[in-house]
$ cat coords.pdb   # PDB, C-alpha atoms
ATOM      1  CA  MET A  46      61.351 185.077-175.664
ATOM      2  CA  LEU A  47      60.488 181.367-175.419
ATOM      3  CA  VAL A  48      61.739 181.166-171.829
ATOM      4  CA  GLU A  49      59.661 184.179-170.799
ATOM      5  CA  LEU A  50      56.515 182.707-172.381
ATOM      6  CA  ILE A  51      57.057 179.416-170.530
ATOM      7  CA  PHE A  52      57.691 181.347-167.307
ATOM      8  CA  TYR A  53      54.367 183.191-167.607
ATOM      9  CA  LEU A  54      52.614 179.933-168.523
ATOM     10  CA  PHE A  55      53.970 178.217-165.400
ATOM     11  CA  ALA A  56      53.028 181.251-163.296
ATOM     12  CA  ALA A  57      49.458 181.147-164.615
ATOM     13  CA  ILE A  58      49.218 177.402-163.911
ATOM     14  CA  THR A  59      50.535 177.970-160.366
ATOM     15  CA  VAL A  60      48.032 180.728-159.587
ATOM     16  CA  GLY A  61      45.141 178.759-161.135
ATOM     17  CA  ALA A  62      46.009 175.541-159.272
ATOM     18  CA  ALA A  63      46.446 177.426-155.980
ATOM     19  CA  SER A  64      43.018 179.004-156.456
ATOM     20  CA  MET A  65      41.470 175.589-157.113
ATOM     21  CA  VAL A  66      42.962 174.268-153.851
ATOM     22  CA  VAL A  67      40.784 176.762-151.990
ATOM     23  CA  ILE A  68      37.735 176.634-154.280
ATOM     24  CA  SER A  69      37.402 172.841-154.617
ATOM     25  CA  LYS A  70      34.836 171.274-152.317
ATOM     26  CA  ASN A  71      36.313 167.777-152.650
ATOM     27  CA  GLN A  72      39.347 167.012-150.460
ATOM     28  CA  VAL A  73      40.925 164.707-153.058
ATOM     29  CA  HIS A  74      40.682 167.368-155.770
ATOM     30  CA  SER A  75      42.243 169.944-153.452
ATOM     31  CA  VAL A  76      45.214 167.665-152.778
ATOM     32  CA  LEU A  77      45.724 167.021-156.503
ATOM     33  CA  PHE A  78      45.685 170.755-157.218
ATOM     34  CA  LEU A  79      48.079 171.301-154.307
ATOM     35  CA  VAL A  80      50.540 168.839-155.868
ATOM     36  CA  LEU A  81      50.269 170.711-159.178
ATOM     37  CA  THR A  82      50.867 174.035-157.400
ATOM     38  CA  PHE A  83      54.045 172.772-155.727
ATOM     39  CA  PHE A  84      55.351 171.237-158.939
ATOM     40  CA  SER A  85      54.683 174.375-160.999
ATOM     41  CA  THR A  86      56.422 176.509-158.375
ATOM     42  CA  ALA A  87      59.409 174.158-158.490
ATOM     43  CA  CYS A  88      59.523 174.611-162.287
ATOM     44  CA  LEU A  89      59.575 178.387-161.777
ATOM     45  CA  PHE A  90      62.546 177.990-159.423
ATOM     46  CA  VAL A  91      64.386 175.923-162.036
ATOM     47  CA  LEU A  92      63.817 178.628-164.636
ATOM     48  CA  ILE A  93      65.514 181.247-162.440
ATOM     49  CA  GLN A  94      68.392 178.821-161.751
ATOM     50  CA  ALA A  95      67.423 178.064-158.141
ATOM     51  CA  GLU A  96      67.700 174.284-158.456
ATOM     52  CA  PHE A  97      68.171 173.699-154.732
ATOM     53  CA  LEU A  98      64.878 175.390-153.856
ATOM     54  CA  ALA A  99      63.137 173.416-156.604
ATOM     55  CA  ALA A 100      64.509 170.118-155.285
ATOM     56  CA  ILE A 101      63.542 170.963-151.701
ATOM     57  CA  LEU A 102      60.037 171.946-152.828
ATOM     58  CA  VAL A 103      59.568 168.650-154.657
ATOM     59  CA  MET A 104      61.106 166.411-151.994
ATOM     60  CA  VAL A 105      59.722 168.059-148.854
ATOM     61  CA  TYR A 106      56.377 169.527-149.871
ATOM     62  CA  MET A 107      55.241 167.140-152.596
ATOM     63  CA  GLY A 108      56.509 164.214-150.527
ATOM     64  CA  ALA A 109      54.619 165.436-147.469
ATOM     65  CA  VAL A 110      51.336 165.928-149.322
ATOM     66  CA  ALA A 111      50.444 162.251-148.877
ATOM     67  CA  VAL A 112      51.052 162.550-145.121
ATOM     68  CA  LEU A 113      49.017 165.758-145.071
ATOM     69  CA  PHE A 114      46.122 163.988-146.763
ATOM     70  CA  LEU A 115      46.334 161.125-144.248
ATOM     71  CA  PHE A 116      46.122 163.625-141.381
ATOM     72  CA  VAL A 117      43.076 165.248-142.978
ATOM     73  CA  VAL A 118      41.382 161.863-143.373
ATOM     74  CA  MET A 119      42.122 160.982-139.748
ATOM     75  CA  MET A 120      40.890 164.292-138.378
ATOM     76  CA  ILE A 121      37.526 164.425-140.146
ATOM     77  CA  ASP A 122      34.827 161.789-140.222
ATOM     78  CA  LEU A 123      34.848 160.229-143.687
ATOM     79  CA  ASP A 124      32.963 157.236-144.916
ATOM     80  CA  PHE A 125      35.792 155.075-146.278
ATOM     81  CA  ALA A 126      33.398 152.789-148.146
ATOM     82  CA  GLU A 127      31.948 155.794-149.967
ATOM     83  CA  LEU A 128      35.455 157.124-150.637
ATOM     84  CA  ARG A 129      36.569 153.817-152.205
ATOM     85  CA  LYS A 130      33.375 153.614-154.244
ATOM     86  CA  ASN A 131      34.017 157.040-155.809
ATOM     87  CA  THR A 132      37.700 156.375-156.584
ATOM     88  CA  TYR A 133      37.197 156.252-160.347
ATOM     89  CA  GLU A 134      35.473 159.645-160.296
ATOM     90  CA  HIS A 135      38.823 161.259-159.421
ATOM     91  CA  LEU A 136      40.725 159.412-162.156
ATOM     92  CA  PRO A 137      40.187 161.975-164.984
ATOM     93  CA  LEU A 138      41.396 164.861-162.825
ATOM     94  CA  GLY A 139      44.399 162.823-161.668
ATOM     95  CA  ILE A 140      45.323 162.014-165.284
ATOM     96  CA  ALA A 141      44.897 165.677-166.269
ATOM     97  CA  VAL A 142      47.161 166.873-163.414
ATOM     98  CA  GLY A 143      49.751 164.235-164.319
ATOM     99  CA  GLY A 144      49.599 165.309-167.974
ATOM    100  CA  VAL A 145      50.186 168.958-167.086
ATOM    101  CA  MET A 146      53.163 167.963-164.909
ATOM    102  CA  LEU A 147      54.600 165.884-167.777
ATOM    103  CA  VAL A 148      54.280 168.828-170.183
ATOM    104  CA  GLU A 149      55.990 171.084-167.626
ATOM    105  CA  MET A 150      58.889 168.631-167.260
ATOM    106  CA  VAL A 151      59.369 168.502-171.033
ATOM    107  CA  ALA A 152      59.235 172.303-171.249
ATOM    108  CA  ILE A 153      61.811 172.630-168.461
ATOM    109  CA  GLY A 154      64.118 170.173-170.241
ATOM    110  CA  VAL A 155      63.842 172.146-173.482
ATOM    111  CA  THR A 156      64.374 175.609-171.977
ATOM    112  CA  TYR A 157      66.964 174.783-169.307
ATOM    113  CA  HIS A 158      69.774 174.459-171.849
ATOM    114  CA  ALA A 159      68.469 177.206-174.114
ATOM    115  CA  PRO A 160      70.900 180.044-174.920
ATOM    116  CA  GLU A 161      68.524 182.641-173.476
ATOM    117  CA  HIS A 162      68.026 182.502-169.711
ATOM    118  CA  LEU A 163      65.968 184.522-167.323
ATOM    119  CA  ALA A 164      68.025 186.962-165.302
ATOM    120  CA  VAL A 165      68.848 185.676-161.827
ATOM    121  CA  ALA A 166      67.275 187.890-159.183
ATOM    122  CA  THR A 167      70.444 188.165-157.082
ATOM    123  CA  PRO A 168      73.617 187.059-158.884
ATOM    124  CA  THR A 169      75.859 184.907-156.700
ATOM    125  CA  PRO A 170      79.613 185.595-156.466
ATOM    126  CA  GLU A 171      82.001 183.497-158.514
ATOM    127  CA  GLY A 172      82.593 180.060-157.007
ATOM    128  CA  VAL A 173      79.587 180.239-154.620
ATOM    129  CA  HIS A 174      76.724 177.888-155.487
ATOM    130  CA  ASN A 175      73.144 178.913-154.851
ATOM    131  CA  THR A 176      72.739 176.607-151.811
ATOM    132  CA  LEU A 177      75.583 178.332-149.959
ATOM    133  CA  ALA A 178      74.349 181.768-151.001
ATOM    134  CA  LEU A 179      70.839 180.936-149.791
ATOM    135  CA  GLY A 180      72.153 179.713-146.438
ATOM    136  CA  ARG A 181      74.265 182.846-145.953
ATOM    137  CA  VAL A 182      71.319 185.163-146.627
ATOM    138  CA  LEU A 183      68.734 183.124-144.711
ATOM    139  CA  TYR A 184      70.761 182.613-141.518
ATOM    140  CA  SER A 185      72.307 186.076-141.352
ATOM    141  CA  LYS A 186      70.120 188.824-142.825
ATOM    142  CA  TYR A 187      66.762 187.060-142.381
ATOM    143  CA  LEU A 188      67.459 185.023-139.223
ATOM    144  CA  LEU A 189      64.802 186.746-137.071
ATOM    145  CA  PRO A 190      61.969 186.400-139.640
ATOM    146  CA  PHE A 191      63.009 182.764-140.161
ATOM    147  CA  GLU A 192      62.756 182.023-136.432
ATOM    148  CA  MET A 193      59.452 183.910-136.164
ATOM    149  CA  ALA A 194      58.020 181.866-139.049
ATOM    150  CA  SER A 195      59.083 178.684-137.234
ATOM    151  CA  LEU A 196      57.274 179.805-134.060
ATOM    152  CA  ILE A 197      54.133 180.717-136.039
ATOM    153  CA  LEU A 198      54.116 177.273-137.664
ATOM    154  CA  LEU A 199      54.556 175.632-134.255
ATOM    155  CA  VAL A 200      51.615 177.594-132.815
ATOM    156  CA  ALA A 201      49.523 176.680-135.888
ATOM    157  CA  LEU A 202      50.383 173.001-135.407
ATOM    158  CA  ILE A 203      49.397 173.071-131.730
ATOM    159  CA  GLY A 204      46.188 174.950-132.615
ATOM    160  CA  ALA A 205      45.255 172.366-135.257
ATOM    161  CA  VAL A 206      45.737 169.533-132.760
ATOM    162  CA  VAL A 207      43.671 171.328-130.095
ATOM    163  CA  LEU A 208      40.853 172.141-132.526
ATOM    164  CA  THR A 209      40.592 168.592-133.841
ATOM    165  CA  LEU A 210      40.881 166.901-130.437
ATOM    166  CA  ARG A 211      37.273 166.302-129.525
ATOM    167  CA  SER A 212      35.601 164.001-127.062
ATOM    168  CA  ARG A 213      33.565 161.123-128.425
ATOM    169  CA  LYS A 214      30.866 159.369-126.452
ATOM    170  CA  ASP A 215      31.609 155.955-127.930
ATOM    171  CA  ARG A 216      35.229 155.944-126.730
ATOM    172  CA  LYS A 217      36.675 155.824-123.238
ATOM    173  CA  ARG A 218      39.648 158.069-122.522
ATOM    174  CA  GLN A 219      42.109 157.899-119.669
ATOM    175  CA  ASP A 220      42.007 160.881-117.289
ATOM    176  CA  ILE A 221      45.217 160.879-115.240
ATOM    177  CA  GLY A 222      44.102 163.731-112.966
ATOM    178  CA  LYS A 223      40.855 161.977-112.082
ATOM    179  CA  GLN A 224      42.717 158.732-111.359
ATOM    180  CA  LEU A 225      45.211 160.433-109.055
ATOM    181  CA  ALA A 226      42.467 162.309-107.201
ATOM    182  CA  ARG A 227      40.548 159.128-106.297
ATOM    183  CA  THR A 228      40.133 158.274-102.667
ATOM    184  CA  ARG A 229      40.283 154.749-101.229
ATOM    185  CA  ASP A 230      36.508 154.605-100.830
ATOM    186  CA  GLU A 231      36.005 155.432-104.520
ATOM    187  CA  ALA A 232      38.551 152.915-105.725
ATOM    188  CA  VAL A 233      37.937 149.974-103.403
ATOM    189  CA  GLU A 234      34.636 148.369-102.535
ATOM    190  CA  VAL A 235      34.452 145.609 -99.924
ATOM    191  CA  LYS A 236      31.842 142.961-100.576
ATOM    192  CA  LYS A 237      30.664 140.416 -98.011
ATOM    193  CA  VAL A 238      30.569 136.960 -99.574
ATOM    194  CA  LYS A 239      29.012 133.964 -97.943
ATOM    195  CA  SER A 240      31.515 131.274 -97.229
ATOM    196  CA  TRP A 241      31.045 127.896 -98.780
ATOM    197  CA  GLU A 242      30.826 125.299 -96.023
ATOM    198  CA  GLY A 243      32.102 122.494 -98.175
ATOM    199  CA  ALA A 244      35.458 124.197 -98.777
TER
END
$ encode --input "coords.pdb" --output "structure tokens"
Amino acid sequence: MLVELIFYLFAAITVGAASMVVISKNQVHSVLFLVLTFFSTACLFVLIQAEFLAAILVMVYMGAVAVLFLFVVMMIDLDFAELRKNTYEHLPLGIAVGGVMLVEMVAIGVTYHAPEHLAVATPTPEGVHNTLALGRVLYSKYLLPFEMASLILLVALIGAVVLTLRSRKDRKRQDIGKQLARTRDEAVEVKKVKSWEGA
């Protein structure tokens, strides 16, 4: 009963944090809620005894959130002085998110070794750990959807780069095609200079 209550609590936190990622108007708040969403989802994976997925979610996604935020900052025009000035405004939300994550870690530690466990969705055969079972299912039964998801992510990445690549008037860019298409008259200009008689 306790494990099920904690499971539903984590699920509610995950859905609420994911909603706040979309609703929040501040980029910093969205990133903090995104971290909480990933961490709560990892706790859900631990509860159903999928430790490998939980570890991958924490290491890959939560570790990449900082890089994601850096890309967002680089792609949009932000006033860094204004962002530094308002740093302390984000401190209460950061402390609150950290507190929720700490409570979730304590709850996971208490329930992980509890006698009652949630039923595993697909029981693995004896002697096969969940990482091997996941690899067998992912690269055999779901190989085509896995490859299609990879292609969709690649197209999304290229689309994001194309959409954010904009020309700025205050910067000079190199145009290889224009350089190769130049004629000699456009590239070279002969000037007549008076000779200095004393040379």
$ atom_distance --input "coords.pdb" --atom1 "atom CA of Gln72 of chain A" --atom2 "atom CA of Cys88 of chain A"
24.6 Å
$ resolve_selection --input "coords.pdb" --expression "the PyMOL selection byres ((chain A and resi 81) around 10)" --output "list in words"
Ile58, Thr59, Gly61, Ala62, Ala63, Val66, Ser75, Val76, Leu77, Phe78, Leu79, Val80, Thr82, Phe83, Phe84, Ser85, Thr86, Ala87, Met107, Val142, Gly143, Val145 and Met146 of chain A
$ resolve_selection --input "coords.pdb" --expression "the PyMOL selection byres ((chain A and resi 95-99) around 10)" --output "PDB file with C-alpha atoms, in the frame of the given file"
ATOM      1  CA  PHE A  83      54.045 172.772-155.727  1.00  0.00           C
ATOM      2  CA  PHE A  84      55.351 171.237-158.939  1.00  0.00           C
ATOM      3  CA  SER A  85      54.683 174.375-160.999  1.00  0.00           C
ATOM      4  CA  THR A  86      56.422 176.509-158.375  1.00  0.00           C
ATOM      5  CA  ALA A  87      59.409 174.158-158.490  1.00  0.00           C
ATOM      6  CA  CYS A  88      59.523 174.611-162.287  1.00  0.00           C
ATOM      7  CA  LEU A  89      59.575 178.387-161.777  1.00  0.00           C
ATOM      8  CA  PHE A  90      62.546 177.990-159.423  1.00  0.00           C
ATOM      9  CA  VAL A  91      64.386 175.923-162.036  1.00  0.00           C
ATOM     10  CA  LEU A  92      63.817 178.628-164.636  1.00  0.00           C
ATOM     11  CA  ILE A  93      65.514 181.247-162.440  1.00  0.00           C
ATOM     12  CA  GLN A  94      68.392 178.821-161.751  1.00  0.00           C
ATOM     13  CA  ALA A 100      64.509 170.118-155.285  1.00  0.00           C
ATOM     14  CA  ILE A 101      63.542 170.963-151.701  1.00  0.00           C
ATOM     15  CA  LEU A 102      60.037 171.946-152.828  1.00  0.00           C
ATOM     16  CA  VAL A 103      59.568 168.650-154.657  1.00  0.00           C
ATOM     17  CA  MET A 104      61.106 166.411-151.994  1.00  0.00           C
ATOM     18  CA  VAL A 165      68.848 185.676-161.827  1.00  0.00           C
ATOM     19  CA  ALA A 166      67.275 187.890-159.183  1.00  0.00           C
ATOM     20  CA  HIS A 174      76.724 177.888-155.487  1.00  0.00           C
ATOM     21  CA  ASN A 175      73.144 178.913-154.851  1.00  0.00           C
ATOM     22  CA  THR A 176      72.739 176.607-151.811  1.00  0.00           C
ATOM     23  CA  LEU A 177      75.583 178.332-149.959  1.00  0.00           C
ATOM     24  CA  LEU A 179      70.839 180.936-149.791  1.00  0.00           C
TER      25      LEU A 179
END
$ atom_distance --input "coords.pdb" --atom1 "atom CA of Glu134 of chain A" --atom2 "atom CA of Asn71 of chain A"
11.2 Å
$ decode --input "coords.pdb" --residues "segment 169-193 of chain A" --atoms "N, CA and C atoms" --output "JSON list (two decimals), in the first residue's frame"
[["chain", "number", "residue", "atom", "x", "y", "z"],
["A", 169, "THR", "N", 11.30, -10.71, -16.25],
["A", 169, "THR", "CA", 12.44, -11.21, -17.02],
["A", 169, "THR", "C", 12.72, -12.66, -16.64],
["A", 170, "PRO", "N", 13.25, -13.46, -17.57],
["A", 170, "PRO", "CA", 13.58, -14.85, -17.24],
["A", 170, "PRO", "C", 14.66, -14.93, -16.17],
["A", 171, "GLU", "N", 14.78, -16.07, -15.55],
["A", 171, "GLU", "CA", 15.76, -16.27, -14.49],
["A", 171, "GLU", "C", 17.17, -16.13, -15.06],
["A", 172, "GLY", "N", 18.00, -15.34, -14.38],
["A", 172, "GLY", "CA", 19.38, -15.17, -14.79],
["A", 172, "GLY", "C", 19.59, -14.10, -15.85],
["A", 173, "VAL", "N", 18.54, -13.40, -16.28],
["A", 173, "VAL", "CA", 18.66, -12.34, -17.28],
["A", 173, "VAL", "C", 18.35, -11.00, -16.59],
["A", 174, "HIS", "N", 19.34, -10.12, -16.53],
["A", 174, "HIS", "CA", 19.11, -8.83, -15.88],
["A", 174, "HIS", "C", 18.33, -7.91, -16.82],
["A", 175, "ASN", "N", 17.79, -6.85, -16.24],
["A", 175, "ASN", "CA", 16.87, -6.01, -17.02],
["A", 175, "ASN", "C", 17.55, -5.27, -18.17],
["A", 176, "THR", "N", 18.87, -5.03, -18.08],
["A", 176, "THR", "CA", 19.58, -4.37, -19.19],
["A", 176, "THR", "C", 19.62, -5.26, -20.42],
["A", 177, "LEU", "N", 19.92, -6.54, -20.21],
["A", 177, "LEU", "CA", 19.95, -7.50, -21.32],
["A", 177, "LEU", "C", 18.56, -7.70, -21.90],
["A", 178, "ALA", "N", 17.57, -7.80, -21.03],
["A", 178, "ALA", "CA", 16.19, -7.98, -21.50],
["A", 178, "ALA", "C", 15.72, -6.78, -22.31],
["A", 179, "LEU", "N", 16.09, -5.58, -21.86],
["A", 179, "LEU", "CA", 15.72, -4.36, -22.59],
["A", 179, "LEU", "C", 16.38, -4.33, -23.96],
["A", 180, "GLY", "N", 17.68, -4.68, -24.01],
["A", 180, "GLY", "CA", 18.38, -4.71, -25.29],
["A", 180, "GLY", "C", 17.79, -5.71, -26.26],
["A", 181, "ARG", "N", 17.42, -6.90, -25.75],
["A", 181, "ARG", "CA", 16.82, -7.92, -26.63],
["A", 181, "ARG", "C", 15.50, -7.44, -27.23],
["A", 182, "VAL", "N", 14.66, -6.81, -26.42],
["A", 182, "VAL", "CA", 13.36, -6.34, -26.90],
["A", 182, "VAL", "C", 13.53, -5.15, -27.84],
["A", 183, "LEU", "N", 14.39, -4.21, -27.46],
["A", 183, "LEU", "CA", 14.54, -2.97, -28.22],
["A", 183, "LEU", "C", 15.14, -3.20, -29.59],
["A", 184, "TYR", "N", 16.15, -4.08, -29.69],
["A", 184, "TYR", "CA", 16.85, -4.27, -30.96],
["A", 184, "TYR", "C", 16.37, -5.48, -31.74],
["A", 185, "SER", "N", 15.26, -6.06, -31.34],
["A", 185, "SER", "CA", 14.67, -7.15, -32.13],
["A", 185, "SER", "C", 13.22, -6.82, -32.49],
["A", 186, "LYS", "N", 12.36, -6.74, -31.48],
["A", 186, "LYS", "CA", 10.93, -6.52, -31.74],
["A", 186, "LYS", "C", 10.65, -5.08, -32.15],
["A", 187, "TYR", "N", 11.36, -4.12, -31.54],
["A", 187, "TYR", "CA", 11.08, -2.70, -31.79],
["A", 187, "TYR", "C", 12.23, -2.01, -32.52],
["A", 188, "LEU", "N", 12.94, -2.74, -33.39],
["A", 188, "LEU", "CA", 14.09, -2.16, -34.09],
["A", 188, "LEU", "C", 13.64, -1.06, -35.06],
["A", 189, "LEU", "N", 12.59, -1.32, -35.85],
["A", 189, "LEU", "CA", 12.14, -0.33, -36.83],
["A", 189, "LEU", "C", 11.63, 0.96, -36.17],
["A", 190, "PRO", "N", 10.76, 0.88, -35.14],
["A", 190, "PRO", "CA", 10.38, 2.13, -34.46],
["A", 190, "PRO", "C", 11.56, 2.86, -33.83],
["A", 191, "PHE", "N", 12.55, 2.11, -33.34],
["A", 191, "PHE", "CA", 13.74, 2.73, -32.75],
["A", 191, "PHE", "C", 14.51, 3.51, -33.80],
["A", 192, "GLU", "N", 14.70, 2.93, -34.98],
["A", 192, "GLU", "CA", 15.41, 3.61, -36.05],
["A", 192, "GLU", "C", 14.61, 4.81, -36.57],
["A", 193, "MET", "N", 13.29, 4.66, -36.65],
["A", 193, "MET", "CA", 12.45, 5.78, -37.10],
["A", 193, "MET", "C", 12.52, 6.94, -36.11]]
